[in-house]
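A.B. asks: Questions regarding the structure given below will be posed in turn.
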Amino acid sequence: MTRATSTSRPTASAGSWHRFANPGRFLRISGHVYPWSLGLALLCLGVGLVWSLGLAPADYQQGDSVRIMYVHVPAAWMALFAYSLLAAAGASLLIWRHPLGGVAATAIAPVGAAFTFLALATGSLWGKPMWGTWWVWDARLTSVLILLFLYLGHMALTHAFENAERGRKAAAVLALAGVVNLPIIKFSVDWWNTLHQPASVTRIGTPAIHEAMLWPLLVMAGGFMFFFFAVVLLRMRAALAAQRAEALDRRIMLGR
Amino acid sequence: MNALAALLARDLRLALRQSGDVLLAVLFFILGAALFPFAVGPEPNLLLRIGPGLIWVMALLSVLLSLDRLFAPDHEDGTLDLLLLAPAPLEGIVLARILAHWLASGGPLILATPLLAVFFGVPTYALPVLLGSLLLGTLALSALGALGAALTLGARRAGVLVPLLVLPLYIPVLIFGAGAVDAVLTGLAARPHLLLLAAVLVLSLPLAALAGAAALRQAAE
Amino acid sequence: MNALAALLARDLRLALRQSGDVLLAVLFFILGAALFPFAVGPEPNLLLRIGPGLIWVMALLSVLLSLDRLFAPDHEDGTLDLLLLAPAPLEGIVLARILAHWLASGGPLILATPLLAVFFGVPTYALPVLLGSLLLGTLALSALGALGAALTLGARRAGVLVPLLVLPLYIPVLIFGAGAVDAVLTGLAARPHLLLLAAVLVLSLPLAALAGAAALRQAAE
Amino acid sequence: MSMAPHSSTQQPPLSQPNRLEVTALDCLRGGWPVFSDLQFRLESGDLLLLTGPNGSGKSSLLRILAGLLPPAGGDLLWNEAPLHGGDSHPPSIGYVGHRNAIKVNLTLQEDLAFWARFHGQPQHRIAQALEAFDLTPLAARPGRVLSSGQGRRLALARLKVMQAPLWLLDEPLVGLDKAAVLAVRNEIEKHRRDGGIIVLATHQDIWHVEEQRLDLGTFTVSPDQLQELEA
Amino acid sequence: MSMAPHSSTQQPPLSQPNRLEVTALDCLRGGWPVFSDLQFRLESGDLLLLTGPNGSGKSSLLRILAGLLPPAGGDLLWNEAPLHGGDSHPPSIGYVGHRNAIKVNLTLQEDLAFWARFHGQPQHRIAQALEAFDLTPLAARPGRVLSSGQGRRLALARLKVMQAPLWLLDEPLVGLDKAAVLAVRNEIEKHRRDGGIIVLATHQDIWHVEEQRLDLGTFTVSPDQLQELEA
Ligand code: HEM
Ligand SMILES: Nc1ncnc2c1ncn2[C@@H]1O[C@H](COP(=O)(O)OP(=O)(O)OP(=O)(O)O)[C@@H](O)[C@H]1O
Ligand SMILES: Nc1ncnc2c1ncn2[C@@H]1O[C@H](COP(=O)(O)OP(=O)(O)OP(=O)(O)O)[C@@H](O)[C@H]1O
Ligand SMILES: [Mg+2]
Ligand SMILES: [Mg+2]
């Protein structure tokens, strides 16, 4: 017998209600981090845009259309990165039952989907001058499209249930099952013969890209990253605030 | 009349309330079309050649997949019994339901079509005909689908029976719809095809209303 | 073990009892494939070129359409509650259900494939690879589909949500399956494709069992 | 009985006397006989209790009266005219079956508002209906959260948003708590005072004395009759 | 309380005393509190009646006990070990919910035969179970033709083809005729004599005196408690 029968509420069991609200520590820490990431995002994006669109050299083959790269490549990176985080958040919810995992995943999914869409749209814009068509069914392009659908499926599943908890957990399972798509996207250019360019920045050893293009690219990538964190933190804080508001609502309703 | 307006409003509200229902049908449309390049290979010429046909087939399958939501939920939860007792004519109820179904399935598909057209490289000048054919066609698909859904209510394994009944009825719609686009792509007149499509629509609406109502009456017991 | 055998026997009996269920899935497969010539035109060369791919896509869609019968009826009538209380491990229950689903959907499809192959003019020497790829592939489709079906149990508009979730997971199966047939038709080795397909199957069965069981536990409330 | 002139454009108001007459009614289900040669006659203000063991045909009789199930034989008359399928103006019918016809995504308010509009009835009845079955606190919540008794109460509340002289209630008390059972009895009495006619199937013996009762257990078909039915 | 040695490989036979203990149980549905701080303890042979108005949480409590709904807090112990999710050997549970889990295409015989095999029980129990609920004449007919009370009886008959020490019955008497109500009471008394434990939700007051009762209407959550719970 682990616990004697007593009329008073055992504290451990009362504690389990905390699953539903009050992640106070997160709110405190994120309150400090959020303004910094937002500030850094604005700074990097400002500097990066001026640098990449104005100062960086045009490509001797592609001309000015190469400047799409400064948006396309960071967006594509973020699309992959956000999905890894989404899966990690899902794992933390399923395995360690960390409630913030669910809140984080719900916050990440639309932002990741937006980056994926941006990568697709800019890639498509770039494809017109480069390949002469908006779209080809090449392995990389298609696998990114599938990634977009995984994001959308995640969002739809999250909101498909009355019980928000259930939606988050179901979506977490989906996010984990979809992880197989990440290596396919990353290595598709190596495995299959594709139109799309193989890795030139992120390959092992020295990047095969000129420094005058590399630096503004990295600044833009930093800006995207900080922006991502700022938005995700904001969305998480908003979700937690909404949970509290709901709890208050209920109390008022019951108090009638 | 008032009763039918109330029913239509309720059906649309339910469709919107299932947050993202409409979105999901469209996603299936796009996603399904995206399957084909994997299966037949990515050569642009081939894809352009079969693109408009594929768009049409996927629109058809999307509508088909949503047919089980037409009457089955009302049948299962007992709402159909109450609708059958209603003061409104049953044929009107069926028509209102068809309209609601089309607004929630065919309509959004049409909005998403330009995107797929870009994917498959359908030239811009063919787009109006593609959209026009889908406009007439998906409404006919909803109507004929309603007939199939009503006929199979309460049948064992209605899920597979509906496609079986409905696909033969859908084939004329598909032929004229895809034919219209094909005509415009090969420099011929799309008008005759569109007129035939309109004729199918004009025939299928009253047919669906009358036969659908009869089938619904049979379904209660 | 005994409990799982009992479940499998019951599922198969129900599938056969729904007079012609199995037949209907096959008919959908055939009828659906027959849609394409209407949509893309009847040129034999084009049809031969896209034939194997279409057969694969239609097999995929047939399996997809039958997914809503995997767990939903048990969920709605309360049987799932009783299965969850069972002495048998839930993962085993999911596997038994996957097997039953495959025997009633994928299996018959494979039997009907030679017919479609003739229809599209697929040469005889490619048939063994086509059948082998479908054998491995449809089982993987049933497994991944079970995962999707379990995840969406009780969801709003599960009917359209399932395709959305499942299609991205189905694409590797489709690529390797259609790839195997394409390889043999273009004189290349089909073996690597078939091995990859087997790998997908070997991964997806335990994944479906574990994640599917977790999802079923969530579904009761 | 002569029809009042205005009854040709709309159903007779409840205050006008009505009569439901059932003669020689037979019922088959899936080819099996359930009951045979049933007859009764109800006037405005009457309540008929259907009793009888499980499977004796109470639900089947109610569905026949509602026009949802075709009878194997016999006549149903409403004020001397056929209750269903005739050219005359049948009464509107309030039917509560075994299933509650609740949409999980509509709030209770929306559910009742739809049925009121559908039957062309004014919206002010909704609040009354919710109140009568103690559903007012749940008015803004979706149907999916209802417990079994709450769901049953919503199904019954629909009777109050439509103006139907004939009520057909299939075990209306199932799953109701004591307060709700009282509410149902109240509504039934009110409807009778207003001149309505009610047929109600039940296993719970909460009514006493005055009502008419029909024990369907006594109308089951004997082998002889069966032969005759099938002849 | 010491566990008998054989209990590690299979569940204790019904003759061995069992105990179900519930402490500080809280229940939320869709974020809304239903009841809080519930506790009770049942020994072999006990019957607990759950009463309370509609929506007070009877069904929710039964689903929590069955392990179908996670509690928001509190402990469920079976013979000192966790009832669900522990490594020990939980009892098998006989659960009859609001829905009857009937397959329209299986005959009654087949239905019971499946559940017996599924629970590893001998097939001779099937005939007994059919007989106990007067379903023998319907044994060869498919589930689709059952009337509401017949369906309920089939759901109850399943209890007799499985050997479960703990029965959780959610309004088992709904729609039953008088003979069937008696049959249920019989089975319940028999199960208690065999050392079983029963938790039963009902609105129909057909039991008297001796049983333990839990009125869930008295456990609803006040706004104060809610604050504490959510803090
Ligand atoms: C819709 C079409 C496109 C999509 C979905 C897409 C997708 C991607 C993805 C996912 C990456 C990240 C790869 C990694 O991290 O390894 C990437 C990087 C890149 N893409 Fe695209 N892309 C598209 C079109 C294009 C076009 C038209 C070009 C220009 C010819 C292009 C040039 C690049 C370059 C240079 C990189 C950086 C590679 C590296 O250094 O790692 N992309 N793209
Ligand atoms: N899925 C759900 N989501 C949210 N709330 C729910 C859900 N199911 C039930 N509830 C609410 O929980 C409360 C308890 O419901 P429950 O079904 O346990 O009541 P009950 O005591 O069994 O009532 P009844 O006597 O009507 O069967 C009710 O107020 C109900 O509205
Ligand atoms: N769809 C059907 N097909 C064939 N037989 C049916 C069908 N529905 C019901 N029956 C049979 O008809 C008879 C009458 O059923 P009905 O539902 O009318 O009984 P009931 O009096 O309402 O019973 P209960 O008290 O259990 O609700 C039953 O014996 C039943 O088995
Ligand atoms: Mg009945
Ligand atoms: Mg209940």
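The way I read the labels, and the way they are meant: chains A, B, ... in the order of the structure tokens, residue 1 as the first residue of every chain, and ligand 1 as the first ligand shown, with later ones counted on from there.
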Could you list, as a list in words, every residue of chain C that has an atom within 12 Å of an atom of chain D, counting only C-alpha atoms?

C.D. replies: Gly154, Ala155, Arg156, Arg157 and Glu221 of chain C

A.B. asks: Pick out the residues sitting within 7 Å of E:Gly57, and hand them over as a list in words; count only C-alpha atoms, and ignore anything fewer than 5 positions along from it in its own chain.

C.D. replies: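 The contact residues come out as Val34, Phe35 and Leu216 of chain E.
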
A.B. asks: At a cut-off of 6 Å and counting only C-alpha atoms and all ligand atoms, what residues surround ligand 2? Please answer as a PyMOL selection string.

C.D. replies: (chain D and resi 145-150+175) or (chain E and resi 29-30+34+53-60)

A.B. asks: Keeping only all heavy atoms, write the selected residues as a short mmCIF file (atom, residue, chain, number, x, y, z; two decimals), in the first residue's frame.

C.D. replies:
```cif
data_model
loop_
_atom_site.label_atom_id
_atom_site.label_comp_id
_atom_site.auth_asym_id
_atom_site.auth_seq_id
_atom_site.Cartn_x
_atom_site.Cartn_y
_atom_site.Cartn_z
N VAL D 145 -20.46 17.42 -26.05
CA VAL D 145 -20.12 17.27 -24.64
C VAL D 145 -21.28 16.76 -23.79
O VAL D 145 -21.14 16.59 -22.59
CB VAL D 145 -19.61 18.59 -24.03
CG1 VAL D 145 -18.51 19.19 -24.87
CG2 VAL D 145 -20.73 19.58 -23.84
N LEU D 146 -22.42 16.51 -24.42
CA LEU D 146 -23.58 16.12 -23.62
C LEU D 146 -23.43 14.72 -23.06
O LEU D 146 -22.97 13.80 -23.72
CB LEU D 146 -24.84 16.19 -24.48
CG LEU D 146 -25.18 17.58 -25.01
CD1 LEU D 146 -26.49 17.54 -25.76
CD2 LEU D 146 -25.26 18.60 -23.88
N SER D 147 -23.86 14.54 -21.83
CA SER D 147 -23.96 13.20 -21.26
C SER D 147 -25.22 12.55 -21.83
O SER D 147 -26.00 13.19 -22.52
CB SER D 147 -24.05 13.27 -19.74
OG SER D 147 -25.34 13.68 -19.35
N SER D 148 -25.41 11.26 -21.57
CA SER D 148 -26.51 10.58 -22.24
C SER D 148 -27.85 11.21 -21.87
O SER D 148 -28.72 11.42 -22.71
CB SER D 148 -26.48 9.08 -21.94
OG SER D 148 -27.10 8.80 -20.72
N GLY D 149 -28.04 11.55 -20.61
CA GLY D 149 -29.30 12.15 -20.20
C GLY D 149 -29.49 13.55 -20.76
O GLY D 149 -30.60 13.94 -21.15
N GLN D 150 -28.40 14.30 -20.81
CA GLN D 150 -28.50 15.65 -21.38
C GLN D 150 -28.90 15.57 -22.86
O GLN D 150 -29.71 16.37 -23.34
CB GLN D 150 -27.16 16.38 -21.22
CG GLN D 150 -26.85 16.75 -19.78
CD GLN D 150 -25.38 17.09 -19.54
OE1 GLN D 150 -24.53 16.83 -20.39
NE2 GLN D 150 -25.08 17.66 -18.39
N GLY D 175 -32.53 7.20 -19.36
CA GLY D 175 -31.35 7.95 -18.96
C GLY D 175 -31.62 9.28 -18.28
O GLY D 175 -30.70 10.00 -17.96
N ARG E 29 -13.41 16.99 -18.07
CA ARG E 29 -13.80 16.60 -19.42
C ARG E 29 -13.71 17.82 -20.31
O ARG E 29 -14.37 18.82 -20.05
CB ARG E 29 -15.23 16.05 -19.46
CG ARG E 29 -15.39 14.87 -18.58
CD ARG E 29 -15.74 13.59 -19.17
NE ARG E 29 -15.42 13.22 -20.49
CZ ARG E 29 -15.88 12.10 -21.04
NH1 ARG E 29 -16.68 11.32 -20.37
NH2 ARG E 29 -15.55 11.77 -22.25
N GLY E 30 -12.89 17.71 -21.34
CA GLY E 30 -12.70 18.84 -22.24
C GLY E 30 -12.28 20.09 -21.48
O GLY E 30 -12.68 21.19 -21.81
N VAL E 34 -15.51 17.90 -13.65
CA VAL E 34 -16.76 17.18 -13.47
C VAL E 34 -16.95 16.82 -12.00
O VAL E 34 -17.95 17.18 -11.39
CB VAL E 34 -16.79 15.91 -14.35
CG1 VAL E 34 -18.07 15.13 -14.11
CG2 VAL E 34 -16.70 16.30 -15.81
N PRO E 53 -27.62 13.44 -10.68
CA PRO E 53 -28.33 13.96 -11.85
C PRO E 53 -27.54 13.79 -13.14
O PRO E 53 -26.36 13.45 -13.12
CB PRO E 53 -28.50 15.45 -11.52
CG PRO E 53 -27.55 15.74 -10.42
CD PRO E 53 -27.32 14.46 -9.69
N ASN E 54 -28.20 14.02 -14.27
CA ASN E 54 -27.54 13.93 -15.57
C ASN E 54 -26.34 14.85 -15.60
O ASN E 54 -26.41 16.00 -15.20
CB ASN E 54 -28.50 14.37 -16.68
CG ASN E 54 -29.68 13.43 -16.85
OD1 ASN E 54 -30.78 13.87 -17.07
ND2 ASN E 54 -29.42 12.14 -16.74
N GLY E 55 -25.25 14.32 -16.07
CA GLY E 55 -24.05 15.15 -16.22
C GLY E 55 -23.23 15.25 -14.96
O GLY E 55 -22.26 16.01 -14.90
N SER E 56 -23.56 14.46 -13.94
CA SER E 56 -22.78 14.56 -12.71
C SER E 56 -21.50 13.73 -12.78
O SER E 56 -20.66 13.82 -11.90
CB SER E 56 -23.62 14.15 -11.51
OG SER E 56 -24.15 12.86 -11.72
N GLY E 57 -21.35 12.90 -13.81
CA GLY E 57 -20.08 12.22 -14.00
C GLY E 57 -20.10 10.73 -13.76
O GLY E 57 -19.05 10.11 -13.61
N LYS E 58 -21.27 10.12 -13.78
CA LYS E 58 -21.33 8.67 -13.56
C LYS E 58 -20.60 7.92 -14.66
O LYS E 58 -19.74 7.08 -14.39
CB LYS E 58 -22.79 8.21 -13.50
CG LYS E 58 -23.60 8.87 -12.40
CD LYS E 58 -25.05 8.43 -12.39
CE LYS E 58 -25.82 8.91 -13.61
NZ LYS E 58 -25.86 10.39 -13.73
N SER E 59 -20.95 8.23 -15.89
CA SER E 59 -20.28 7.54 -17.00
C SER E 59 -18.80 7.84 -17.00
O SER E 59 -17.97 6.97 -17.27
CB SER E 59 -20.88 7.98 -18.33
OG SER E 59 -22.25 7.69 -18.37
N SER E 60 -18.44 9.08 -16.71
CA SER E 60 -17.03 9.44 -16.69
C SER E 60 -16.28 8.61 -15.65
O SER E 60 -15.19 8.10 -15.91
CB SER E 60 -16.87 10.93 -16.38
OG SER E 60 -17.58 11.71 -17.30
#
```

A.B. asks: So that I can check the surroundings of stretch 86-98 of chain C, please list as a PyMOL selection string every protein, DNA and RNA residue that reaches within 7 Å of it, counting only C-alpha atoms and ignoring chain neighbours fewer than 5 positions away.

C.D. replies: (chain C and resi 3-4+8+142-143+146+209-210+212-213) or (chain E and resi 119)

A.B. asks: Skipping near chain neighbours, those fewer than 6 positions away, what residues fall within 6 Å of stretch 132-147 of chain A using only C-alpha atoms, listed as a PDB file with C-alpha atoms, in the first residue's frame?

C.D. replies:
```pdb
ATOM      1  CA  SER A 124       9.820  28.388 -58.073  1.00  0.00           C
ATOM      2  CA  ILE A 185      15.082  16.013 -48.741  1.00  0.00           C
ATOM      3  CA  SER A 188      17.936  13.704 -52.585  1.00  0.00           C
ATOM      4  CA  THR A 194      18.300  16.171 -59.993  1.00  0.00           C
TER       5      THR A 194
ATOM      6  CA  PRO B  42       8.770  13.472 -64.040  1.00  0.00           C
ATOM      7  CA  PHE B 119       2.331  22.466 -61.468  1.00  0.00           C
TER       8      PHE B 119
ATOM      9  CA  PRO C 168       2.921  11.686 -47.703  1.00  0.00           C
TER      10      PRO C 168
END
```
